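As provided, entry36.txt (compact mmCIF, C-alpha atoms) reads as follows.
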# COMPACT_ATOMS: atom_id res chain seq x y z
CA MET P 1 7.04 23.35 -30.15
CA ALA P 2 5.95 22.45 -26.60
CA GLN P 3 4.51 25.96 -26.22
CA GLN P 4 2.66 25.61 -29.51
CA GLY P 5 1.27 22.22 -28.54
CA ASN P 6 0.13 23.65 -25.21
CA THR P 7 -1.52 26.66 -26.90
CA SER P 8 -3.56 24.58 -29.33
CA GLN P 9 -4.38 22.04 -26.61
CA ILE P 10 -5.81 24.74 -24.30
CA LEU P 11 -7.69 26.24 -27.20
CA ALA P 12 -9.11 22.89 -28.34
CA GLU P 13 -10.19 21.93 -24.83
CA THR P 14 -11.82 25.28 -24.13
CA LEU P 15 -13.51 25.22 -27.51
CA LYS P 16 -14.92 21.73 -26.94
CA LEU P 17 -16.24 22.77 -23.54
CA GLN P 18 -17.99 25.85 -24.88
CA ILE P 19 -18.81 24.70 -28.38
CA GLY P 20 -22.52 25.23 -27.84
CA ASN P 21 -22.13 28.88 -26.79
CA ILE P 22 -19.67 29.65 -29.55
CA SER P 23 -21.78 27.95 -32.18
CA SER P 24 -24.91 29.82 -31.15
CA ALA P 25 -23.07 33.18 -31.05
CA ILE P 26 -21.58 32.86 -34.53
CA GLU P 27 -24.84 31.44 -35.88
CA LYS P 28 -26.72 34.46 -34.51
CA GLN P 29 -24.20 36.83 -36.08
CA GLY P 30 -24.44 34.87 -39.35
CA HIS P 31 -28.20 35.44 -39.41
CA ALA P 32 -27.68 39.17 -38.72
CA ILE P 33 -25.21 39.54 -41.60
CA PHE P 34 -26.42 37.09 -44.25
CA GLY P 35 -29.94 36.12 -43.25
CA GLY P 36 -31.57 39.50 -43.86
CA SER P 37 -30.38 39.71 -47.45
CA ASN P 38 -31.24 36.03 -48.11
CA LEU P 39 -27.65 35.25 -49.03
CA LEU P 40 -27.69 32.14 -46.84
CA ASP P 41 -30.72 30.42 -45.34
CA SER P 42 -30.97 29.26 -41.71
CA ASP P 43 -29.89 25.68 -42.47
CA GLU P 44 -26.89 26.85 -44.44
CA ILE P 45 -25.79 29.18 -41.63
CA ALA P 46 -26.20 26.41 -39.02
CA ASP P 47 -24.28 23.93 -41.20
CA PHE P 48 -21.61 26.52 -41.80
CA CYS P 49 -21.08 27.11 -38.05
CA ILE P 50 -20.86 23.41 -37.25
CA GLU P 51 -18.47 22.68 -40.11
CA PHE P 52 -16.26 25.66 -39.25
CA LEU P 53 -15.94 24.54 -35.62
CA GLU P 54 -15.28 20.94 -36.65
CA LEU P 55 -12.53 22.02 -39.04
CA LEU P 56 -11.03 24.31 -36.39
CA VAL P 57 -10.97 21.54 -33.80
CA ALA P 58 -9.42 19.19 -36.38
CA LEU P 59 -6.68 21.75 -36.99
CA LEU P 60 -6.05 22.29 -33.27
CA GLU P 61 -5.79 18.54 -32.71
CA SER P 62 -3.56 17.96 -35.75
CA LYS P 63 0.10 16.98 -35.47
CA ASP P 64 1.33 20.53 -36.08
CA PRO P 65 -1.48 23.14 -35.69
CA GLU P 66 0.95 25.93 -36.68
CA ASP P 67 1.69 24.35 -40.04
CA ASP P 68 -0.22 26.31 -42.67
CA ALA P 69 0.62 23.65 -45.24
CA SER P 70 -1.12 20.87 -43.30
CA PRO P 71 -4.18 19.15 -44.82
CA GLN P 72 -6.28 20.37 -41.86
CA PHE P 73 -5.30 23.98 -42.45
CA HIS P 74 -5.83 23.60 -46.18
CA ALA P 75 -9.31 22.18 -45.53
CA LEU P 76 -10.19 25.20 -43.37
CA GLU P 77 -8.78 27.59 -45.97
CA MET P 78 -10.67 25.90 -48.80
CA TYR P 79 -13.82 25.95 -46.77
CA PHE P 80 -13.66 29.76 -46.47
CA ASN P 81 -12.61 30.05 -50.08
CA ASN P 82 -15.69 28.14 -51.22
CA LEU P 83 -17.98 30.00 -48.84
CA SER P 84 -16.63 33.27 -50.17
CA ARG P 85 -17.34 32.23 -53.77
CA GLN P 86 -20.84 31.09 -52.83
CA ILE P 87 -21.67 34.39 -51.11
CA LEU P 88 -20.14 36.52 -53.88
CA MET P 89 -21.98 34.59 -56.58
CA ARG P 90 -25.22 35.30 -54.73
CA GLY P 91 -24.44 39.02 -54.77
CA GLY P 92 -22.94 39.33 -51.26
CA ARG P 93 -20.17 41.71 -50.28
CA VAL P 94 -16.67 40.63 -49.36
CA GLU P 95 -16.64 43.21 -46.54
CA ASP P 96 -19.53 41.41 -44.80
CA LEU P 97 -17.72 38.09 -44.95
CA VAL P 98 -14.52 39.64 -43.57
CA ARG P 99 -16.50 41.25 -40.73
CA TYR P 100 -18.07 37.87 -40.00
CA ILE P 101 -14.66 36.20 -39.82
CA GLN P 102 -13.45 38.95 -37.49
CA PHE P 103 -16.51 38.34 -35.33
CA MET P 104 -15.62 34.64 -35.10
CA GLN P 105 -12.13 35.53 -33.97
CA ARG P 106 -13.56 37.89 -31.32
CA ALA P 107 -16.01 35.23 -30.14
CA LEU P 108 -13.15 32.77 -29.62
CA ILE P 109 -11.10 35.35 -27.72
CA GLU P 110 -14.07 36.21 -25.48
CA MET P 111 -14.56 32.50 -24.82
CA LEU P 112 -10.95 32.25 -23.64
CA ALA P 113 -11.38 35.30 -21.36
CA GLU P 114 -13.84 33.26 -19.32
CA ASN P 115 -11.23 30.58 -18.68
CA LYS P 116 -9.49 31.89 -15.53
CA GLU P 117 -6.84 29.12 -15.60
CA ILE P 118 -5.08 30.63 -18.63
CA GLY P 119 -2.02 32.69 -17.69
CA ILE P 120 -0.81 35.88 -19.42
CA LYS P 121 1.96 34.09 -21.29
CA GLU P 122 -0.40 31.41 -22.59
CA ALA P 123 -3.09 33.99 -23.43
CA ARG P 124 -0.56 35.96 -25.46
CA ALA P 125 0.52 32.83 -27.37
CA ILE P 126 -3.13 31.90 -28.04
CA LEU P 127 -3.93 35.41 -29.31
CA LEU P 128 -0.94 35.34 -31.65
CA TYR P 129 -1.91 31.91 -32.90
CA LEU P 130 -5.54 32.91 -33.52
CA SER P 131 -4.56 36.11 -35.23
CA GLY P 132 -2.22 34.16 -37.54
CA ILE P 133 -4.96 31.68 -38.48
CA PHE P 134 -7.64 34.29 -39.04
CA ASN P 135 -5.33 36.49 -41.11
CA GLU P 136 -4.71 33.55 -43.41
CA LEU P 137 -8.45 32.87 -43.63
CA ILE P 138 -9.15 36.50 -44.54
CA LEU P 139 -6.46 36.28 -47.21
CA ALA P 140 -8.15 33.14 -48.58
CA VAL P 141 -11.45 35.04 -48.75
CA PHE P 142 -9.81 37.93 -50.60
CA ALA P 143 -8.09 35.51 -52.99
CA ALA P 144 -11.46 33.94 -53.79
CA TYR P 145 -13.00 37.40 -54.16
CA LEU P 146 -10.31 38.49 -56.63
CA ASP P 147 -10.57 35.23 -58.57
CA GLU P 148 -14.31 35.63 -58.83
CA LYS P 149 -13.99 39.27 -59.95
CA GLU P 150 -11.35 38.34 -62.53
CA ARG P 151 -13.56 35.55 -63.82
CA THR P 152 -16.48 37.96 -64.16
CA ILE P 153 -14.36 40.57 -65.92
CA TYR P 154 -12.93 37.93 -68.24
CA ALA P 155 -16.40 36.59 -69.08
CA GLN P 156 -17.66 40.12 -69.77
CA GLU P 157 -14.64 40.91 -71.95
CA LYS P 158 -15.14 37.66 -73.86
CA GLU P 159 -18.79 38.44 -74.45
CA LEU P 160 -17.94 41.96 -75.54
CA ARG P 161 -15.29 40.71 -77.94
CA GLU P 162 -17.64 38.15 -79.42
CA THR P 163 -20.40 40.66 -79.94
CA SER P 164 -18.06 43.37 -81.23
CA THR P 165 -16.59 41.12 -83.96
CA PRO P 166 -19.41 39.07 -85.41
CA ILE P 167 -18.29 36.84 -88.26
CA THR P 168 -21.20 36.28 -90.61
CA GLU P 169 -21.50 34.05 -93.64
CA ILE P 170 -23.32 36.53 -95.83
CA TRP P 171 -23.32 34.24 -98.85
CA ASP P 172 -22.14 30.69 -99.49
CA GLY P 173 -18.38 30.94 -99.19
CA VAL P 174 -18.34 34.66 -98.33
CA LEU P 175 -17.65 35.82 -94.77
CA THR P 176 -17.93 39.37 -93.48
CA LEU P 177 -16.11 40.70 -90.46
CA PRO P 178 -16.97 44.23 -89.38
CA ILE P 179 -14.22 45.50 -87.09
CA ILE P 180 -15.33 48.13 -84.59
CA GLY P 181 -13.03 49.96 -82.20
CA THR P 182 -9.37 49.18 -81.68
CA LEU P 183 -7.48 46.07 -82.72
CA ASP P 184 -5.05 45.30 -79.91
CA SER P 185 -2.89 42.19 -79.75
CA SER P 186 -5.25 40.07 -77.66
CA ARG P 187 -8.32 41.04 -79.69
CA THR P 188 -6.50 40.40 -82.97
CA MET P 189 -5.55 36.93 -81.79
CA ILE P 190 -9.11 36.11 -80.80
CA VAL P 191 -10.59 37.51 -84.03
CA MET P 192 -7.94 35.77 -86.13
CA GLU P 193 -8.47 32.43 -84.44
CA ALA P 194 -12.25 32.65 -84.84
CA LEU P 195 -11.97 33.83 -88.45
CA LEU P 196 -9.51 31.12 -89.53
CA ASN P 197 -11.62 28.41 -87.92
CA ARG P 198 -14.71 29.76 -89.70
CA ILE P 199 -12.85 29.77 -93.04
CA ALA P 200 -11.87 26.14 -92.51
CA ARG P 201 -15.36 25.15 -91.32
CA ASP P 202 -17.39 26.99 -93.98
CA ARG P 203 -14.78 26.57 -96.75
CA ALA P 204 -15.05 30.34 -97.25
CA GLU P 205 -13.34 31.56 -100.38
CA ALA P 206 -13.61 35.27 -99.62
CA VAL P 207 -13.51 37.33 -96.44
CA VAL P 208 -14.63 40.95 -96.43
CA MET P 209 -13.13 42.86 -93.50
CA ASP P 210 -14.92 46.14 -92.97
CA LEU P 211 -13.00 48.86 -91.14
CA THR P 212 -15.76 51.49 -91.17
CA GLY P 213 -15.93 51.26 -87.37
CA VAL P 214 -12.19 51.72 -86.85
CA LYS P 215 -11.63 55.30 -85.76
CA ASN P 216 -7.84 55.38 -85.60
CA ILE P 217 -4.92 53.14 -86.38
CA ASP P 218 -1.33 52.97 -85.20
CA SER P 219 1.65 50.91 -86.31
CA GLN P 220 0.76 48.02 -84.01
CA VAL P 221 -2.85 47.86 -85.18
CA SER P 222 -1.87 48.08 -88.84
CA HIS P 223 0.64 45.30 -88.25
CA HIS P 224 -2.11 43.15 -86.75
CA LEU P 225 -4.33 43.91 -89.72
CA ILE P 226 -1.65 42.81 -92.17
CA GLN P 227 -1.11 39.63 -90.15
CA MET P 228 -4.80 38.90 -90.33
CA VAL P 229 -4.85 39.42 -94.11
CA ARG P 230 -1.81 37.14 -94.52
CA ALA P 231 -3.37 34.40 -92.43
CA VAL P 232 -6.58 34.57 -94.48
CA GLN P 233 -4.57 34.37 -97.69
CA LEU P 234 -2.59 31.40 -96.38
CA MET P 235 -5.85 29.59 -95.80
CA GLY P 236 -6.53 30.02 -99.51
CA SER P 237 -9.21 32.70 -99.21
CA ASP P 238 -9.32 36.18 -100.68
CA ALA P 239 -9.10 38.95 -98.10
CA ILE P 240 -10.92 42.13 -99.08
CA ILE P 241 -10.60 45.20 -96.89
CA THR P 242 -13.34 47.81 -97.08
CA GLY P 243 -14.33 51.06 -95.39
CA ILE P 244 -10.88 52.55 -94.92
CA ARG P 245 -11.54 56.13 -93.78
CA PRO P 246 -9.38 58.94 -95.26
CA GLU P 247 -7.62 59.45 -91.91
CA ILE P 248 -6.88 55.70 -91.69
CA ALA P 249 -5.54 55.71 -95.25
CA ARG P 250 -3.34 58.70 -94.39
CA ALA P 251 -2.07 56.93 -91.26
CA LEU P 252 -1.32 53.75 -93.22
CA THR P 253 0.74 55.63 -95.80
CA SER P 254 2.65 57.55 -93.15
CA LEU P 255 3.37 54.24 -91.38
CA ASN P 256 4.76 52.83 -94.66
CA ILE P 257 2.23 50.00 -94.64
CA ASP P 258 2.14 48.38 -98.06
CA LEU P 259 -1.35 47.31 -99.06
CA GLY P 260 -0.12 46.30 -102.51
CA ASN P 261 -1.02 42.64 -102.01
CA VAL P 262 -4.34 43.42 -100.39
CA ILE P 263 -7.61 43.89 -102.23
CA THR P 264 -9.30 47.08 -101.00
CA ARG P 265 -12.68 48.54 -101.82
CA ALA P 266 -14.33 51.76 -100.66
CA THR P 267 -17.45 50.33 -99.05
CA LEU P 268 -18.72 47.04 -97.68
CA SER P 269 -21.12 46.88 -100.62
CA ASP P 270 -18.24 47.22 -103.09
CA GLY P 271 -16.33 44.60 -101.16
CA LEU P 272 -19.21 42.15 -101.44
CA LYS P 273 -19.51 42.84 -105.16
CA GLU P 274 -15.79 42.09 -105.53
CA ALA P 275 -16.17 38.86 -103.54
CA PHE P 276 -19.09 37.81 -105.76
CA ARG P 277 -17.13 38.67 -108.89
CA ARG P 278 -14.21 36.53 -107.72
CA LEU P 279 -16.54 33.63 -106.99
CA GLY P 280 -18.30 34.02 -110.30
CA ILE P 281 -21.59 34.93 -108.64
CA GLN P 282 -23.89 37.37 -110.37
CA VAL P 283 -26.62 39.11 -108.41
CA SER P 284 -29.19 40.88 -110.55
CA ALA P 285 -32.66 42.38 -110.15
CA ARG P 286 -35.54 40.28 -111.40
CA ALA P 287 -36.66 41.50 -114.81
CA MET T 1 -3.36 9.19 -113.53
CA ASN T 2 -2.50 6.76 -110.78
CA ASP T 3 1.18 6.88 -111.41
CA PHE T 4 3.08 7.94 -108.34
CA ALA T 5 6.60 8.03 -107.16
CA LYS T 6 7.71 7.26 -103.63
CA LEU T 7 10.07 9.86 -102.29
CA PRO T 8 11.63 9.84 -98.83
CA GLY T 9 8.97 11.19 -96.44
CA MET T 10 6.52 12.24 -99.13
CA HIS T 11 4.03 10.88 -101.58
CA LEU T 12 3.84 12.42 -105.04
CA THR T 13 0.86 11.51 -107.18
CA GLU T 14 -0.15 12.70 -110.62
CA ILE T 15 -3.82 13.62 -110.21
CA GLY T 16 -4.41 15.05 -113.68
CA ARG T 17 -2.58 15.97 -116.82
CA GLY T 18 0.44 17.89 -115.57
CA VAL T 19 -1.08 18.31 -112.13
CA PHE T 20 0.58 16.68 -109.12
CA LEU T 21 -0.35 16.28 -105.49
CA LEU T 22 2.42 16.13 -102.92
CA GLU T 23 1.50 14.73 -99.52
CA PRO T 24 4.33 14.98 -97.00
CA SER T 25 4.44 12.45 -94.20
CA ARG T 26 5.67 12.96 -90.66
CA SER T 27 8.99 11.35 -91.57
CA LEU T 28 9.81 14.05 -94.12
CA ASP T 29 13.32 15.29 -93.37
CA ILE T 30 13.49 18.88 -94.58
CA SER T 31 17.13 19.18 -93.56
CA ALA T 32 17.85 17.26 -96.79
CA GLN T 33 16.23 19.98 -98.91
CA ASP T 34 18.62 19.69 -101.84
CA GLU T 35 17.90 16.00 -102.40
CA LEU T 36 14.16 16.52 -101.95
CA VAL T 37 13.97 19.41 -104.41
CA VAL T 38 15.93 17.47 -107.03
CA ALA T 39 13.73 14.39 -106.60
CA VAL T 40 10.45 16.33 -106.83
CA LEU T 41 11.56 18.44 -109.76
CA ALA T 42 12.86 15.43 -111.68
CA ARG T 43 9.42 13.82 -111.42
CA LEU T 44 7.58 17.04 -112.33
CA GLN T 45 9.81 17.70 -115.33
CA GLN T 46 9.45 14.14 -116.55
CA ALA T 47 5.66 14.56 -116.64
CA GLU T 48 5.81 18.14 -117.94
CA ALA T 49 3.91 19.28 -114.88
CA SER T 50 2.33 22.73 -114.70
CA LYS T 51 0.99 22.63 -111.17
CA LEU T 52 1.96 21.09 -107.85
CA TYR T 53 -0.50 20.93 -104.97
CA TYR T 54 1.25 20.67 -101.62
CA ASP T 55 -1.10 19.21 -99.02
CA LEU T 56 -0.60 20.70 -95.54
CA ALA T 57 -3.55 18.93 -93.90
CA ALA T 58 -1.28 16.92 -91.60
CA LEU T 59 0.65 19.94 -90.34
CA PRO T 60 -0.98 21.74 -87.41
CA LEU T 61 2.03 24.03 -87.10
CA ILE T 62 4.48 25.42 -89.63
CA GLU T 63 7.68 26.76 -88.15
CA PRO T 64 10.03 29.17 -89.98
CA LEU T 65 12.29 26.34 -91.18
CA TYR T 66 9.38 24.52 -92.77
CA TYR T 67 8.17 27.80 -94.31
CA GLN T 68 11.62 28.26 -95.78
CA TRP T 69 11.39 24.77 -97.29
CA LEU T 70 7.97 25.53 -98.82
CA ASN T 71 9.30 28.76 -100.34
CA ARG T 72 12.36 27.02 -101.68
CA LEU T 73 10.33 24.27 -103.32
CA ALA T 74 7.89 26.87 -104.74
CA ARG T 75 10.75 28.88 -106.26
CA ALA T 76 12.28 25.70 -107.69
CA CYS T 77 8.91 24.77 -109.22
CA GLY T 78 8.73 28.27 -110.71
CA ALA T 79 12.08 27.63 -112.38
CA ILE T 80 10.54 24.76 -114.37
CA ASN T 81 7.37 26.75 -115.07
CA ALA T 82 5.18 24.90 -112.57
CA GLY T 83 3.11 26.75 -110.00
CA MET T 84 2.95 25.51 -106.44
CA VAL T 85 -0.29 25.78 -104.50
CA CYS T 86 -0.47 24.96 -100.80
CA ILE T 87 -3.79 23.43 -99.84
CA ASN T 88 -5.53 22.49 -96.60
CA PHE T 89 -3.65 25.00 -94.46
CA GLN T 90 -4.69 24.35 -90.87
CA PRO T 91 -6.02 27.43 -89.00
CA THR T 92 -3.40 26.94 -86.30
CA ALA T 93 -0.62 26.79 -88.90
CA ALA T 94 -1.88 29.90 -90.74
CA PHE T 95 -2.28 31.73 -87.44
CA ALA T 96 1.26 31.01 -86.29
CA LEU T 97 2.88 31.51 -89.68
CA ALA T 98 1.21 34.90 -90.24
CA HIS T 99 3.01 36.15 -87.14
CA HIS T 100 6.52 35.49 -88.38
CA MET T 101 6.09 35.97 -92.13
CA GLU T 102 7.93 39.04 -93.33
CA THR T 103 7.41 38.76 -97.07
CA PRO T 104 4.61 37.22 -99.13
CA PRO T 105 5.18 33.52 -99.82
CA ALA T 106 6.53 32.22 -103.12
CA PHE T 107 3.58 29.83 -103.36
CA SER T 108 -0.13 30.50 -103.71
CA ALA T 109 -2.76 29.00 -101.43
CA ALA T 110 -6.15 27.38 -101.88
CA LEU T 111 -8.65 25.82 -99.54
CA SER T 112 -8.40 22.50 -101.37
CA ILE T 113 -7.88 21.05 -104.83
CA ARG T 114 -11.59 21.41 -105.58
CA GLU T 115 -11.58 25.15 -104.94
CA ARG T 116 -10.21 27.54 -107.52
CA ALA T 117 -6.44 28.03 -107.30
Once more with this new file: its structure as structure tokens, please.
Amino acid sequence: MAQQGNTSQILAETLKLQIGNISSAIEKQGHAIFGGSNLLDSDEIADFCIEFLELLVALLESKDPEDDASPQFHALEMYFNNLSRQILMRGGRVEDLVRYIQFMQRALIEMLAENKEIGIKEARAILLYLSGIFNELILAVFAAYLDEKERTIYAQEKELRETSTPITEIWDGVLTLPIIGTLDSSRTMIVMEALLNRIARDRAEAVVMDLTGVKNIDSQVSHHLIQMVRAVQLMGSDAIITGIRPEIARALTSLNIDLGNVITRATLSDGLKEAFRRLGIQVSARA
Amino acid sequence: MNDFAKLPGMHLTEIGRGVFLLEPSRSLDISAQDELVVAVLARLQQAEASKLYYDLAALPLIEPLYYQWLNRLARACGAINAGMVCINFQPTAAFALAHHMETPPAFSAALSIRERA
């Protein structure tokens, strides 16, 4: 503990003495990496350098600078996490940020090399300490990077799901749901949730589910389909399935799926006619 | 028309000739199914009921035990020639129930009393 205290004390004192040099070196490097691509402007880079050094000094002067659960360490970690998000959202690369952090570490080590009063034992302890801190900071940057990527992928998936299963009220009380592609568990849940809420909201009495865009079906998908039909029926609406291709029909029979309680029609047009018939709606050409 | 009978945990109202509306409350104890079925059926038989609407508006979730109770009541209604129609199914309830239903229910469903059933 005494060794640790000594390490951080030497580091803090040296840093305070040379804060101007360090700040200008990392600011210059910041401009070289982020300034050219307009990811961060000059003021942002300058603010970033000052805040980083302030947070680092706060950590070094804290009660236990080795404690990675301390508020000071957490503040430093969160600072890099937020910076990482900001740069990634502006189209920056995580590699550049990691290289920048490595440069900061190198700048601090070079600063210590100029202090001739530091012995080999102390220098070794300081290097280990710095490497521990900077490794954690790089991990924080990668965690933010992965979070951001996951969020982007999730948003894209959500958008794709919404556009691939549009629920349309084609007539008062009649909803159509064209299903394109594969119905996996997560997609079924999303479609089902959206469909049931629409039935409740629009008081839809008939739902036409068109499978023309479904290329193949397995036992899991057919199970999901039956679940969807049951849920629609529980809501008090008629579920009409249309566009079952011959190969889908063959697969359903070989999977022993009973469509006895389900209204099926060959085409979407036939399905709509059936929905209209059930609702007592007659559509005719003007005489 | 406005005649109703108070049953433990539920409200049974005659809303038309031979048509009843059953509104369960949160205090409905479905573990006492036998007593509940007898009480409901006695009232329906007395009024020569042909249809019972079971209002599920207050139930955001229907677990298997409650589904079993609905089926049991529907079958019992069938025994006295009265059809049971569940109305106002909540999307969350329909969603969850569809996942653990293995056979079609003994009752029919409608969006509400106004809609065809």
Residues at most 10 Å from region 140-153 of chain P, counting all atoms listed in the file, excluding those fewer than 2 positions away in the same chain, as a PyMOL selection string? chain P and resi 76-89+93-95+97-98+101+134-138+155-159
Interface, chain T side, toward chain P (9 Å; only C-alpha atoms) as a PyMOL selection string: chain T and resi 86-101+104-105+108-112+115-117
Residues near Leu28 (chain T), cut-off 8 Å, all atoms listed in the file, skip fewer than 3 positions along chain, as a list in words: Pro8, Gly9, Met10, Pro24 and Ser25 of chain T
Residues within 12 Å of region 129-131 of chain P, all atoms listed in the file, excluding chain neighbours under 4 positions, as a PyMOL selection string: chain P and resi 3-12+56+59-60+65-68+101-102+104-109+112+122-125+135-138
Spatial neighbours of region 268-271 of chain P, max dist 9 Å, all atoms listed in the file, sep filter under 3 positions, as a list in words: Thr176, Pro178, Val208, Met209, Asp210, Leu211, Thr212, Ile240, Ile241, Thr242, Gly243, Ile263, Thr264, Arg265, Glu274, Ala275 and Phe276 of chain P
I need the chosen residues saved as an mmCIF file, in the coordinates of the input, with C-alpha atoms.
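Dumped to again-v1.cif:
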data_model
loop_
_atom_site.group_PDB
_atom_site.id
_atom_site.type_symbol
_atom_site.label_atom_id
_atom_site.label_comp_id
_atom_site.auth_asym_id
_atom_site.auth_seq_id
_atom_site.Cartn_x
_atom_site.Cartn_y
_atom_site.Cartn_z
ATOM 1 C CA THR P 176 -17.930 39.370 -93.480
ATOM 2 C CA PRO P 178 -16.970 44.230 -89.380
ATOM 3 C CA VAL P 208 -14.630 40.950 -96.430
ATOM 4 C CA MET P 209 -13.130 42.860 -93.500
ATOM 5 C CA ASP P 210 -14.920 46.140 -92.970
ATOM 6 C CA LEU P 211 -13.000 48.860 -91.140
ATOM 7 C CA THR P 212 -15.760 51.490 -91.170
ATOM 8 C CA ILE P 240 -10.920 42.130 -99.080
ATOM 9 C CA ILE P 241 -10.600 45.200 -96.890
ATOM 10 C CA THR P 242 -13.340 47.810 -97.080
ATOM 11 C CA GLY P 243 -14.330 51.060 -95.390
ATOM 12 C CA ILE P 263 -7.610 43.890 -102.230
ATOM 13 C CA THR P 264 -9.300 47.080 -101.000
ATOM 14 C CA ARG P 265 -12.680 48.540 -101.820
ATOM 15 C CA GLU P 274 -15.790 42.090 -105.530
ATOM 16 C CA ALA P 275 -16.170 38.860 -103.540
ATOM 17 C CA PHE P 276 -19.090 37.810 -105.760
#
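For the atom pair formed by CA of Val207 (chain P) and CA of Leu70 (chain T), the distance is 24.6 Å, given to one decimal.
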Give the answer as one residue: which of T:Ala106, T:Ile113, T:Leu73, T:Gly83 has the shortest atom-to-atom distance to Ala39 (chain T), using all atoms listed in the file?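 Smallest distance to Ala39 (chain T) is found for T:Leu73.
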Please return as JSON, numbers by chain every residue within 12 Å of (1.4, 11.2, -111.6), taking into account only C-alpha atoms and the file's own coordinates. {"T": [1, 2, 3, 4, 5, 6, 11, 12, 13, 14, 15, 16, 17, 18, 19, 20, 21, 22, 40, 43, 44, 45, 46, 47, 48, 49, 50, 51, 52, 53]}
Export C-alpha atoms of the chosen residues as a PDB file, keeping the file's coordinate frame?
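Saved as again.pdb:
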ATOM      1  CA  MET T   1      -3.360   9.190-113.530  1.00  0.00           C
ATOM      2  CA  ASN T   2      -2.500   6.760-110.780  1.00  0.00           C
ATOM      3  CA  ASP T   3       1.180   6.880-111.410  1.00  0.00           C
ATOM      4  CA  PHE T   4       3.080   7.940-108.340  1.00  0.00           C
ATOM      5  CA  ALA T   5       6.600   8.030-107.160  1.00  0.00           C
ATOM      6  CA  LYS T   6       7.710   7.260-103.630  1.00  0.00           C
ATOM      7  CA  HIS T  11       4.030  10.880-101.580  1.00  0.00           C
ATOM      8  CA  LEU T  12       3.840  12.420-105.040  1.00  0.00           C
ATOM      9  CA  THR T  13       0.860  11.510-107.180  1.00  0.00           C
ATOM     10  CA  GLU T  14      -0.150  12.700-110.620  1.00  0.00           C
ATOM     11  CA  ILE T  15      -3.820  13.620-110.210  1.00  0.00           C
ATOM     12  CA  GLY T  16      -4.410  15.050-113.680  1.00  0.00           C
ATOM     13  CA  ARG T  17      -2.580  15.970-116.820  1.00  0.00           C
ATOM     14  CA  GLY T  18       0.440  17.890-115.570  1.00  0.00           C
ATOM     15  CA  VAL T  19      -1.080  18.310-112.130  1.00  0.00           C
ATOM     16  CA  PHE T  20       0.580  16.680-109.120  1.00  0.00           C
ATOM     17  CA  LEU T  21      -0.350  16.280-105.490  1.00  0.00           C
ATOM     18  CA  LEU T  22       2.420  16.130-102.920  1.00  0.00           C
ATOM     19  CA  VAL T  40      10.450  16.330-106.830  1.00  0.00           C
ATOM     20  CA  ARG T  43       9.420  13.820-111.420  1.00  0.00           C
ATOM     21  CA  LEU T  44       7.580  17.040-112.330  1.00  0.00           C
ATOM     22  CA  GLN T  45       9.810  17.700-115.330  1.00  0.00           C
ATOM     23  CA  GLN T  46       9.450  14.140-116.550  1.00  0.00           C
ATOM     24  CA  ALA T  47       5.660  14.560-116.640  1.00  0.00           C
ATOM     25  CA  GLU T  48       5.810  18.140-117.940  1.00  0.00           C
ATOM     26  CA  ALA T  49       3.910  19.280-114.880  1.00  0.00           C
ATOM     27  CA  SER T  50       2.330  22.730-114.700  1.00  0.00           C
ATOM     28  CA  LYS T  51       0.990  22.630-111.170  1.00  0.00           C
ATOM     29  CA  LEU T  52       1.960  21.090-107.850  1.00  0.00           C
ATOM     30  CA  TYR T  53      -0.500  20.930-104.970  1.00  0.00           C
TER      31      TYR T  53
END
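As for CA of Ile281 (chain P) and CA of Thr168 (chain P), they are spaced 18.1 Å apart.
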Using only C-alpha atoms, pick whichever of P:Val214, P:Ile179, P:Leu39, P:Ile45 has the shortest atom-to-atom distance to Ile26 (chain P).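 Closest to Ile26 (chain P), using only C-alpha atoms: P:Ile45.
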What's the separation between CA of Ile190 (chain P) and CA of Glu102 (chain T), in Å to one decimal place?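 CA of Ile190 (chain P) sits 21.4 Å away from CA of Glu102 (chain T).
Residues in contact with Ile248 (chain P) at up to 7 Å, not including ones fewer than 3 positions away on its chain and judged by only C-alpha atoms, are P:Asn216, P:Ile217, P:Ile244, P:Arg245, P:Ala251, P:Leu252.
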Give the padded box for region 6-24 of chain P as JSON: axis-aligned, covering all atoms listed in the file, 4 Å on each side, centre and edge lengths in Å to one decimal.
{"center_x": -12.4, "center_y": 25.8, "center_z": -27.9, "size_x": 33.0, "size_y": 16.1, "size_z": 16.6}
Nearest residue to Tyr54 (chain T) from the set T:Ile30, T:Phe107, T:Gln68, T:Leu41 (distances using all atoms listed in the file): T:Phe107
